[in-house]
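Enquirer: The following file, target34.cif, comprises mmCIF, C-alpha atoms; chains and numbers go by the auth columns:
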data_upload
#
loop_
_atom_site.group_PDB
_atom_site.id
_atom_site.type_symbol
_atom_site.label_atom_id
_atom_site.label_comp_id
_atom_site.label_asym_id
_atom_site.label_seq_id
_atom_site.Cartn_x
_atom_site.Cartn_y
_atom_site.Cartn_z
_atom_site.B_iso_or_equiv
_atom_site.auth_seq_id
_atom_site.auth_asym_id
ATOM 1 C CA MET A 1 8.290 -0.522 -22.773 0.00 376 A
ATOM 2 C CA SER A 2 5.362 -2.852 -22.050 0.00 377 A
ATOM 3 C CA GLU A 3 3.419 -2.717 -18.797 0.00 378 A
ATOM 4 C CA ILE A 4 4.990 -4.245 -15.712 0.00 379 A
ATOM 5 C CA THR A 5 2.647 -6.924 -14.412 0.00 380 A
ATOM 6 C CA VAL A 6 1.987 -6.964 -10.678 0.00 381 A
ATOM 7 C CA LEU A 7 0.526 -9.561 -8.314 0.00 382 A
ATOM 8 C CA LEU A 8 -0.829 -8.058 -5.089 0.00 383 A
ATOM 9 C CA ILE A 9 -0.752 -10.356 -2.034 0.00 384 A
ATOM 10 C CA GLU A 10 -2.747 -8.783 0.822 0.00 385 A
ATOM 11 C CA ASP A 11 -5.380 -10.305 3.088 0.00 386 A
ATOM 12 C CA ASP A 12 -7.491 -7.203 3.830 0.00 387 A
ATOM 13 C CA PRO A 13 -9.985 -6.589 0.960 0.00 388 A
ATOM 14 C CA MET A 14 -10.158 -2.829 1.536 0.00 389 A
ATOM 15 C CA VAL A 15 -6.357 -2.485 1.632 0.00 390 A
ATOM 16 C CA GLN A 16 -6.231 -4.610 -1.528 0.00 391 A
ATOM 17 C CA GLU A 17 -8.535 -2.125 -3.244 0.00 392 A
ATOM 18 C CA ILE A 18 -6.553 0.904 -2.077 0.00 393 A
ATOM 19 C CA ASN A 19 -3.164 -0.583 -2.995 0.00 394 A
ATOM 20 C CA LYS A 20 -4.443 -1.695 -6.400 0.00 395 A
ATOM 21 C CA ALA A 21 -5.662 1.840 -7.141 0.00 396 A
ATOM 22 C CA PHE A 22 -2.332 3.299 -6.005 0.00 397 A
ATOM 23 C CA ILE A 23 -0.280 0.875 -8.120 0.00 398 A
ATOM 24 C CA GLU A 24 -2.322 1.307 -11.294 0.00 399 A
ATOM 25 C CA LYS A 25 -2.226 5.095 -10.950 0.00 400 A
ATOM 26 C CA VAL A 26 1.497 4.893 -11.716 0.00 401 A
ATOM 27 C CA LYS A 27 1.959 4.748 -15.468 0.00 402 A
ATOM 28 C CA GLY A 28 3.273 1.437 -16.746 0.00 403 A
ATOM 29 C CA PHE A 29 2.019 -0.858 -13.961 0.00 404 A
ATOM 30 C CA LYS A 30 -0.892 -3.298 -14.157 0.00 405 A
ATOM 31 C CA VAL A 31 -2.250 -5.440 -11.297 0.00 406 A
ATOM 32 C CA ILE A 32 -3.141 -8.714 -13.003 0.00 407 A
ATOM 33 C CA ALA A 33 -4.392 -10.562 -9.900 0.00 408 A
ATOM 34 C CA THR A 34 -4.696 -10.462 -6.129 0.00 409 A
ATOM 35 C CA ALA A 35 -4.273 -13.100 -3.433 0.00 410 A
ATOM 36 C CA SER A 36 -5.188 -13.108 0.260 0.00 411 A
ATOM 37 C CA ASN A 37 -2.315 -15.256 1.587 0.00 412 A
ATOM 38 C CA GLY A 38 1.059 -16.649 0.619 0.00 413 A
ATOM 39 C CA THR A 39 -0.149 -20.074 -0.456 0.00 414 A
ATOM 40 C CA GLU A 40 -2.681 -18.598 -2.863 0.00 415 A
ATOM 41 C CA GLY A 41 -0.113 -16.043 -3.976 0.00 416 A
ATOM 42 C CA LEU A 42 2.464 -18.657 -4.930 0.00 417 A
ATOM 43 C CA LYS A 43 -0.111 -20.486 -7.035 0.00 418 A
ATOM 44 C CA GLN A 44 -0.884 -17.244 -8.850 0.00 419 A
ATOM 45 C CA ILE A 45 2.827 -16.499 -9.299 0.00 420 A
ATOM 46 C CA LYS A 46 3.435 -19.865 -10.996 0.00 421 A
ATOM 47 C CA LYS A 47 0.333 -19.520 -13.144 0.00 422 A
ATOM 48 C CA LEU A 48 0.586 -15.867 -14.203 0.00 423 A
ATOM 49 C CA LYS A 49 4.346 -15.193 -13.952 0.00 424 A
ATOM 50 C CA PRO A 50 4.190 -11.514 -12.902 0.00 425 A
ATOM 51 C CA GLN A 51 7.310 -9.362 -12.974 0.00 426 A
ATOM 52 C CA LEU A 52 6.592 -7.810 -9.590 0.00 427 A
ATOM 53 C CA VAL A 53 4.875 -8.948 -6.391 0.00 428 A
ATOM 54 C CA VAL A 54 3.613 -6.444 -3.811 0.00 429 A
ATOM 55 C CA LEU A 55 3.608 -8.470 -0.611 0.00 430 A
ATOM 56 C CA ASP A 56 2.139 -8.080 2.873 0.00 431 A
ATOM 57 C CA ILE A 57 3.700 -9.805 5.923 0.00 432 A
ATOM 58 C CA TYR A 58 0.845 -10.499 8.323 0.00 433 A
ATOM 59 C CA MET A 59 -1.526 -12.936 6.605 0.00 434 A
ATOM 60 C CA PRO A 60 -3.386 -16.078 7.660 0.00 435 A
ATOM 61 C CA GLY A 61 -1.787 -19.380 6.738 0.00 436 A
ATOM 62 C CA GLN A 62 1.485 -18.661 4.976 0.00 437 A
ATOM 63 C CA ASP A 63 2.797 -15.195 5.837 0.00 438 A
ATOM 64 C CA GLY A 64 4.948 -12.879 3.749 0.00 439 A
ATOM 65 C CA ILE A 65 8.278 -13.990 5.199 0.00 440 A
ATOM 66 C CA GLU A 66 7.652 -17.644 4.349 0.00 441 A
ATOM 67 C CA THR A 67 6.337 -16.660 0.927 0.00 442 A
ATOM 68 C CA LEU A 68 9.421 -14.639 -0.038 0.00 443 A
ATOM 69 C CA GLN A 69 11.725 -17.355 1.281 0.00 444 A
ATOM 70 C CA GLN A 70 9.902 -19.948 -0.825 0.00 445 A
ATOM 71 C CA ILE A 71 10.127 -17.735 -3.901 0.00 446 A
ATOM 72 C CA ARG A 72 13.906 -17.612 -3.463 0.00 447 A
ATOM 73 C CA VAL A 73 14.276 -21.323 -2.667 0.00 448 A
ATOM 74 C CA GLU A 74 12.368 -22.207 -5.839 0.00 449 A
ATOM 75 C CA LYS A 75 14.433 -19.644 -7.793 0.00 450 A
ATOM 76 C CA ILE A 76 11.357 -17.938 -9.235 0.00 451 A
ATOM 77 C CA GLU A 77 12.455 -14.938 -11.263 0.00 452 A
ATOM 78 C CA LEU A 78 10.511 -11.936 -10.020 0.00 453 A
ATOM 79 C CA ASP A 79 10.944 -8.922 -7.759 0.00 454 A
ATOM 80 C CA VAL A 80 9.152 -8.095 -4.513 0.00 455 A
ATOM 81 C CA ILE A 81 8.135 -4.849 -2.864 0.00 456 A
ATOM 82 C CA VAL A 82 6.919 -5.269 0.700 0.00 457 A
ATOM 83 C CA ILE A 83 4.008 -3.207 2.057 0.00 458 A
ATOM 84 C CA THR A 84 3.271 -4.121 5.663 0.00 459 A
ATOM 85 C CA ALA A 85 2.589 -2.939 9.197 0.00 460 A
ATOM 86 C CA ALA A 86 5.569 -4.998 10.439 0.00 461 A
ATOM 87 C CA ASN A 87 8.182 -2.502 11.647 0.00 462 A
ATOM 88 C CA ASP A 88 10.485 -4.686 13.765 0.00 463 A
ATOM 89 C CA LEU A 89 14.099 -4.890 12.636 0.00 464 A
ATOM 90 C CA GLN A 90 14.189 -8.691 12.563 0.00 465 A
ATOM 91 C CA THR A 91 11.386 -8.838 9.990 0.00 466 A
ATOM 92 C CA ILE A 92 12.789 -5.967 7.933 0.00 467 A
ATOM 93 C CA ARG A 93 16.230 -7.601 7.811 0.00 468 A
ATOM 94 C CA ALA A 94 14.719 -10.966 6.873 0.00 469 A
ATOM 95 C CA MET A 95 12.845 -9.471 3.928 0.00 470 A
ATOM 96 C CA LEU A 96 15.762 -7.382 2.678 0.00 471 A
ATOM 97 C CA GLN A 97 18.192 -10.296 3.035 0.00 472 A
ATOM 98 C CA ASN A 98 15.826 -12.360 0.901 0.00 473 A
ATOM 99 C CA GLY A 99 15.963 -9.761 -1.817 0.00 474 A
ATOM 100 C CA ALA A 100 13.016 -7.411 -1.322 0.00 475 A
ATOM 101 C CA PHE A 101 13.477 -4.455 -3.669 0.00 476 A
ATOM 102 C CA ASP A 102 11.814 -2.041 -1.242 0.00 477 A
ATOM 103 C CA TYR A 103 10.103 -2.104 2.147 0.00 478 A
ATOM 104 C CA ILE A 104 7.159 0.216 2.853 0.00 479 A
ATOM 105 C CA ILE A 105 5.698 0.424 6.361 0.00 480 A
ATOM 106 C CA LYS A 106 1.969 1.028 6.846 0.00 481 A
ATOM 107 C CA PRO A 107 0.515 3.560 7.118 0.00 482 A
ATOM 108 C CA PHE A 108 1.981 5.103 3.980 0.00 483 A
ATOM 109 C CA ASN A 109 0.890 7.693 1.436 0.00 484 A
ATOM 110 C CA TYR A 110 0.632 7.556 -2.327 0.00 485 A
ATOM 111 C CA GLU A 111 3.841 9.505 -2.836 0.00 486 A
ATOM 112 C CA ARG A 112 5.831 6.744 -1.100 0.00 487 A
ATOM 113 C CA ILE A 113 4.543 3.913 -3.276 0.00 488 A
ATOM 114 C CA HIS A 114 4.837 6.138 -6.350 0.00 489 A
ATOM 115 C CA LYS A 115 8.500 6.705 -5.521 0.00 490 A
ATOM 116 C CA ALA A 116 9.095 2.964 -5.044 0.00 491 A
ATOM 117 C CA LEU A 117 7.440 2.037 -8.332 0.00 492 A
ATOM 118 C CA GLU A 118 9.221 4.753 -10.302 0.00 493 A
ATOM 119 C CA LYS A 119 12.551 3.519 -8.961 0.00 494 A
ATOM 120 C CA TYR A 120 11.590 -0.075 -9.725 0.00 495 A
ATOM 121 C CA ARG A 121 10.626 0.818 -13.294 0.00 496 A
ATOM 122 C CA ALA A 122 14.011 2.500 -13.806 0.00 497 A
ATOM 123 C CA TYR A 123 15.725 -0.584 -12.399 0.00 498 A
ATOM 124 C CA TYR A 124 13.641 -2.988 -14.487 0.00 499 A
ATOM 125 C CA SER A 125 14.280 -1.149 -17.727 0.00 500 A
ATOM 126 C CA THR A 126 18.021 -1.095 -16.955 0.00 501 A
ATOM 127 C CA VAL A 127 18.570 -4.737 -16.007 0.00 502 A
ATOM 128 C CA SER A 128 15.987 -6.443 -18.222 0.00 503 A
ATOM 129 C CA PRO A 129 17.771 -6.266 -21.604 0.00 504 A
ATOM 130 C CA SER A 130 20.507 -8.792 -22.255 0.00 505 A
ATOM 131 C CA GLY A 131 24.103 -7.621 -22.104 0.00 506 A
ATOM 132 C CA SER A 132 25.867 -5.602 -19.445 0.00 507 A
ATOM 133 C CA VAL A 133 25.480 -2.298 -17.625 0.00 508 A
ATOM 134 C CA THR A 134 27.895 0.313 -16.382 0.00 509 A
ATOM 135 C CA GLN A 135 28.315 1.574 -12.841 0.00 510 A
ATOM 136 C CA LYS A 136 26.709 4.836 -13.944 0.00 511 A
ATOM 137 C CA ASP A 137 23.642 2.937 -15.176 0.00 512 A
ATOM 138 C CA LEU A 138 23.180 1.395 -11.731 0.00 513 A
ATOM 139 C CA ASP A 139 23.936 4.647 -9.904 0.00 514 A
ATOM 140 C CA ASP A 140 21.307 6.419 -12.001 0.00 515 A
ATOM 141 C CA VAL A 141 18.749 3.846 -10.818 0.00 516 A
ATOM 142 C CA PHE A 142 19.582 3.707 -7.125 0.00 517 A
ATOM 143 C CA PHE A 143 20.742 7.239 -6.367 0.00 518 A
ATOM 144 C CA SER A 144 18.746 9.543 -8.641 0.00 519 A
ATOM 145 C CA GLU A 145 15.457 11.049 -7.463 0.00 520 A
ATOM 146 C CA PRO A 146 12.282 9.798 -9.180 0.00 521 A
ATOM 147 C CA ARG A 147 10.388 12.290 -11.309 0.00 522 A
ATOM 148 C CA GLN A 148 8.067 14.691 -9.506 0.00 523 A
ATOM 149 C CA LEU A 149 4.654 13.301 -8.651 0.00 524 A
ATOM 150 C CA GLN A 150 2.018 14.996 -10.793 0.00 525 A
ATOM 151 C CA VAL A 151 -0.964 12.645 -10.750 0.00 526 A
ATOM 152 C CA SER A 152 -3.923 12.442 -8.410 0.00 527 A
ATOM 153 C CA VAL A 153 -5.255 9.365 -6.637 0.00 528 A
ATOM 154 C CA ASP A 154 -8.328 7.472 -7.804 0.00 529 A
ATOM 155 C CA LEU A 155 -10.681 6.869 -4.908 0.00 530 A
ATOM 156 C CA PRO A 156 -12.591 3.614 -4.424 0.00 531 A
ATOM 157 C CA LYS A 157 -15.970 3.471 -6.153 0.00 532 A
ATOM 158 C CA GLY A 158 -18.621 5.524 -4.367 0.00 533 A
ATOM 159 C CA LEU A 159 -16.220 8.019 -2.755 0.00 534 A
ATOM 160 C CA ASN A 160 -15.514 11.506 -4.086 0.00 535 A
ATOM 161 C CA GLU A 161 -12.579 13.808 -3.509 0.00 536 A
ATOM 162 C CA LEU A 162 -14.609 16.825 -2.354 0.00 537 A
ATOM 163 C CA THR A 163 -16.295 14.976 0.522 0.00 538 A
ATOM 164 C CA LEU A 164 -12.985 13.366 1.454 0.00 539 A
ATOM 165 C CA LYS A 165 -11.317 16.784 1.717 0.00 540 A
ATOM 166 C CA GLN A 166 -14.239 18.121 3.766 0.00 541 A
ATOM 167 C CA ILE A 167 -13.816 15.310 6.287 0.00 542 A
ATOM 168 C CA GLN A 168 -10.044 15.789 6.441 0.00 543 A
ATOM 169 C CA SER A 169 -10.482 19.540 6.906 0.00 544 A
ATOM 170 C CA PHE A 170 -13.074 19.006 9.644 0.00 545 A
ATOM 171 C CA LEU A 171 -10.806 16.617 11.551 0.00 546 A
ATOM 172 C CA GLN A 172 -7.823 18.908 11.099 0.00 547 A
ATOM 173 C CA ASN A 173 -9.645 21.590 13.082 0.00 548 A
ATOM 174 C CA GLN A 174 -10.540 19.281 15.970 0.00 549 A
ATOM 175 C CA SER A 175 -8.453 19.032 19.121 0.00 550 A
ATOM 176 C CA GLU A 176 -10.115 15.763 20.177 0.00 551 A
ATOM 177 C CA ALA A 177 -11.086 12.575 18.375 0.00 552 A
ATOM 178 C CA LYS A 178 -14.602 12.600 16.928 0.00 553 A
ATOM 179 C CA SER A 179 -17.156 9.855 16.315 0.00 554 A
ATOM 180 C CA ALA A 180 -18.605 9.115 12.878 0.00 555 A
ATOM 181 C CA GLU A 181 -21.856 10.728 14.011 0.00 556 A
ATOM 182 C CA GLU A 182 -20.060 13.925 15.052 0.00 557 A
ATOM 183 C CA VAL A 183 -18.171 14.034 11.745 0.00 558 A
ATOM 184 C CA ALA A 184 -21.414 13.513 9.825 0.00 559 A
ATOM 185 C CA GLU A 185 -23.143 16.330 11.712 0.00 560 A
ATOM 186 C CA GLY A 186 -20.096 18.577 11.317 0.00 561 A
ATOM 187 C CA ILE A 187 -20.112 18.531 7.511 0.00 562 A
ATOM 188 C CA GLY A 188 -23.789 17.683 6.891 0.00 563 A
ATOM 189 C CA ILE A 189 -23.736 14.121 5.543 0.00 564 A
ATOM 190 C CA ALA A 190 -25.284 10.825 6.615 0.00 565 A
ATOM 191 C CA ARG A 191 -23.527 8.879 9.368 0.00 566 A
ATOM 192 C CA VAL A 192 -23.194 5.753 7.188 0.00 567 A
ATOM 193 C CA THR A 193 -21.538 7.888 4.483 0.00 568 A
ATOM 194 C CA ALA A 194 -19.145 9.423 6.982 0.00 569 A
ATOM 195 C CA ARG A 195 -18.222 5.970 8.253 0.00 570 A
ATOM 196 C CA ARG A 196 -17.268 4.794 4.750 0.00 571 A
ATOM 197 C CA TYR A 197 -14.912 7.735 4.262 0.00 572 A
ATOM 198 C CA LEU A 198 -13.475 7.354 7.755 0.00 573 A
ATOM 199 C CA ASP A 199 -12.827 3.640 7.183 0.00 574 A
ATOM 200 C CA TYR A 200 -11.012 4.506 3.946 0.00 575 A
ATOM 201 C CA LEU A 201 -8.861 7.143 5.682 0.00 576 A
ATOM 202 C CA VAL A 202 -7.976 4.698 8.472 0.00 577 A
ATOM 203 C CA LYS A 203 -6.965 2.058 5.930 0.00 578 A
ATOM 204 C CA ASN A 204 -4.696 4.390 3.965 0.00 579 A
ATOM 205 C CA GLY A 205 -3.097 5.704 7.146 0.00 580 A
ATOM 206 C CA SER A 206 -4.326 9.315 7.046 0.00 581 A
ATOM 207 C CA ILE A 207 -6.232 9.137 10.329 0.00 582 A
ATOM 208 C CA GLN A 208 -6.190 6.963 13.415 0.00 583 A
ATOM 209 C CA MET A 209 -9.122 5.293 15.112 0.00 584 A
ATOM 210 C CA ASP A 210 -9.476 4.909 18.872 0.00 585 A
ATOM 211 C CA ILE A 211 -12.131 2.818 20.590 0.00 586 A
ATOM 212 C CA GLN A 212 -13.723 4.578 23.552 0.00 587 A
ATOM 213 C CA TYR A 213 -15.419 2.399 26.141 0.00 588 A
ATOM 214 C CA GLY A 214 -18.193 3.965 28.219 0.00 589 A
ATOM 215 C CA THR A 215 -19.862 2.710 31.358 0.00 590 A
ATOM 216 C CA ILE A 216 -23.097 1.939 29.495 0.00 591 A
ATOM 217 C CA GLY A 217 -23.752 0.779 25.951 0.00 592 A
ATOM 218 C CA ARG A 218 -21.498 -0.222 23.076 0.00 593 A
ATOM 219 C CA PRO A 219 -17.993 1.194 22.603 0.00 594 A
ATOM 220 C CA VAL A 220 -17.659 4.137 20.192 0.00 595 A
ATOM 221 C CA ASN A 221 -15.059 4.463 17.446 0.00 596 A
ATOM 222 C CA ARG A 222 -13.454 7.909 17.435 0.00 597 A
ATOM 223 C CA TYR A 223 -11.260 9.355 14.726 0.00 598 A
ATOM 224 C CA LEU A 224 -8.362 11.814 14.784 0.00 599 A
ATOM 225 C CA LEU A 225 -6.221 13.176 11.970 0.00 600 A
ATOM 226 C CA LYS A 226 -2.591 12.073 12.227 0.00 601 A
ATOM 227 C CA LYS A 227 -0.148 14.892 12.793 0.00 602 A
#
Do you think you could lay out the structure here as structure tokens?

Expert:
Amino acid sequence: MSEITVLLIEDDPMVQEINKAFIEKVKGFKVIATASNGTEGLKQIKKLKPQLVVLDIYMPGQDGIETLQQIRVEKIELDVIVITAANDLQTIRAMLQNGAFDYIIKPFNYERIHKALEKYRAYYSTVSPSGSVTQKDLDDVFFSEPRQLQVSVDLPKGLNELTLKQIQSFLQNQSEAKSAEEVAEGIGIARVTARRYLDYLVKNGSIQMDIQYGTIGRPVNRYLLKK
């Protein structure tokens, strides 16, 4: 089976990079382009004709809801997996009613998107050929468990797994949120380096960031591992 082509529509450049790495880590998927809003995404869809769109909701200009609705109105043949911070039932229902294959709420981990893509690949390989399918064929797609995850995640350029684990381990042993400077001192790296790793962990949902306002000076970002 040839690679499944994916268009990623997401307005945050760092999240784009993380999601692209996650998607392409799953065998058989290739991100052929990215777009930062729905209007740009629809142009790319018509030009490149991907099989799958990974779509955010909250974007400037045309959001994800309008984009999916327009895809259906124009009867464009493709599938959509939603990855978004929107967790209200009205939005979730709107996307599912317009035919989203799956709905993933940020923050999420690699295992969740891996599971969604494995299930989509099984679905795509079942329904793509001409002819008909049996009930068992469909049940095997929608009710069987995807194969066990066995691959590791590629980090963005400039980050390494050892330092990432050191930061996660350091935060795991803290009872209170720590600043980038405190994290840097705790594991013996530069503050600017610590901030890059912390920003990555915030974006992929592993840690949370709180802004602490003092009586004097600029506010300080503090980081805490999610339980």

Enquirer: Expand the PyMOL selection byres ((chain A and resi 423) around 10) into the explicit residue set it covers here, and present it as a count of residues only.

Expert: 14

Enquirer: For the atom pair atom CA of A:Ile582 and atom CA of A:Gln391, what is the interatomic distance in Å to one decimal place?

Expert: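 Computing the Euclidean distance for atom CA of A:Ile582 and atom CA of A:Gln391 yields 18.2 Å.
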
Enquirer: On this structure, the PyMOL selection byres ((chain A and resi 513-517) around 10) would catch which residues? List them as a list in words, sorted by chain and number.

Expert: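 Here the PyMOL selection byres ((chain A and resi 513-517) around 10) matches Glu493, Lys494, Tyr495, Arg496, Ala497, Tyr498, Tyr499, Ser500, Thr501, Val502, Val508, Thr509, Gln510, Lys511, Asp512, Phe518, Ser519, Glu520 and Pro521 of chain A.
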
Enquirer: Once the PyMOL selection byres ((chain A and resi 466-479) around 8) is applied to the coordinates I shared, what remains selected? I want it as a VMD selection string.

Expert: chain A and resid 440 443 to 444 447 454 to 459 461 to 465 480 to 481 483 487 to 488 491 495

Enquirer: Pull C-alpha atoms from the residues just selected and write them as a CSV table (one decimal), in the coordinates of the input.

Expert:
chain,number,residue,atom,x,y,z
A,440,ILE,CA,8.3,-14.0,5.2
A,443,LEU,CA,9.4,-14.6,0.0
A,444,GLN,CA,11.7,-17.4,1.3
A,447,ARG,CA,13.9,-17.6,-3.5
A,454,ASP,CA,10.9,-8.9,-7.8
A,455,VAL,CA,9.2,-8.1,-4.5
A,456,ILE,CA,8.1,-4.8,-2.9
A,457,VAL,CA,6.9,-5.3,0.7
A,458,ILE,CA,4.0,-3.2,2.1
A,459,THR,CA,3.3,-4.1,5.7
A,461,ALA,CA,5.6,-5.0,10.4
A,462,ASN,CA,8.2,-2.5,11.6
A,463,ASP,CA,10.5,-4.7,13.8
A,464,LEU,CA,14.1,-4.9,12.6
A,465,GLN,CA,14.2,-8.7,12.6
A,480,ILE,CA,5.7,0.4,6.4
A,481,LYS,CA,2.0,1.0,6.8
A,483,PHE,CA,2.0,5.1,4.0
A,487,ARG,CA,5.8,6.7,-1.1
A,488,ILE,CA,4.5,3.9,-3.3
A,491,ALA,CA,9.1,3.0,-5.0
A,495,TYR,CA,11.6,-0.1,-9.7

Enquirer: In Å, with one decimal, what is the gap from atom CA of A:Asp431 to atom CA of A:Phe397?

Expert: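 Going from atom CA of A:Asp431 over to atom CA of A:Phe397 covers 15.1 Å.
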
Enquirer: Work out how far atom CA of A:Met434 is from atom CA of A:Met389, in Å to one decimal.

Expert: 14.2 Å

Enquirer: Which residues, protein or nucleic acid, reach to within 12 Å of (-13.8, 5.0, 4.7) in the file's coordinates when using only C-alpha atoms, and can you give that as a compact mmCIF listing (two decimals) with C-alpha atoms, keeping the file's coordinate frame?

Expert:
# COMPACT_ATOMS: atom_id res chain seq x y z
CA MET A 389 -10.16 -2.83 1.54
CA VAL A 390 -6.36 -2.48 1.63
CA GLU A 392 -8.54 -2.12 -3.24
CA ILE A 393 -6.55 0.90 -2.08
CA LEU A 530 -10.68 6.87 -4.91
CA PRO A 531 -12.59 3.61 -4.42
CA LYS A 532 -15.97 3.47 -6.15
CA GLY A 533 -18.62 5.52 -4.37
CA LEU A 534 -16.22 8.02 -2.76
CA ASN A 535 -15.51 11.51 -4.09
CA THR A 538 -16.30 14.98 0.52
CA LEU A 539 -12.98 13.37 1.45
CA ILE A 542 -13.82 15.31 6.29
CA GLN A 543 -10.04 15.79 6.44
CA ALA A 555 -18.60 9.12 12.88
CA ARG A 566 -23.53 8.88 9.37
CA VAL A 567 -23.19 5.75 7.19
CA THR A 568 -21.54 7.89 4.48
CA ALA A 569 -19.14 9.42 6.98
CA ARG A 570 -18.22 5.97 8.25
CA ARG A 571 -17.27 4.79 4.75
CA TYR A 572 -14.91 7.74 4.26
CA LEU A 573 -13.48 7.35 7.76
CA ASP A 574 -12.83 3.64 7.18
CA TYR A 575 -11.01 4.51 3.95
CA LEU A 576 -8.86 7.14 5.68
CA VAL A 577 -7.98 4.70 8.47
CA LYS A 578 -6.96 2.06 5.93
CA ASN A 579 -4.70 4.39 3.96
CA GLY A 580 -3.10 5.70 7.15
CA SER A 581 -4.33 9.32 7.05
CA ILE A 582 -6.23 9.14 10.33
CA GLN A 583 -6.19 6.96 13.42
CA MET A 584 -9.12 5.29 15.11
CA TYR A 598 -11.26 9.36 14.73

Enquirer: Determine, counting all atoms listed in the file, which protein, DNA and RNA residues have an atom within 10 Å of an atom of stretch 546-553 of chain A; residues of the same chain fewer than 6 positions away are not included. Present the result as a PyMOL selection string.

Expert: chain A and resi 540+559+561+582-585+587+595-602

Enquirer: Can you work out which one of A:Leu537, A:Ile384, A:Ile451, A:Ala565 has the shortest atom-to-atom distance to A:Thr409, counting only C-alpha atoms?

Expert: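 Answer, going by the shortest atom-to-atom distance: A:Ile384.
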
Enquirer: In terms of the shortest atom-to-atom distance over only C-alpha atoms, which of A:Leu492, A:Pro482, A:Pro435, A:Asp387 is closest to A:Lys405?

Expert: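 When distances to A:Lys405 are compared using only C-alpha atoms, the smallest one comes from A:Leu492.
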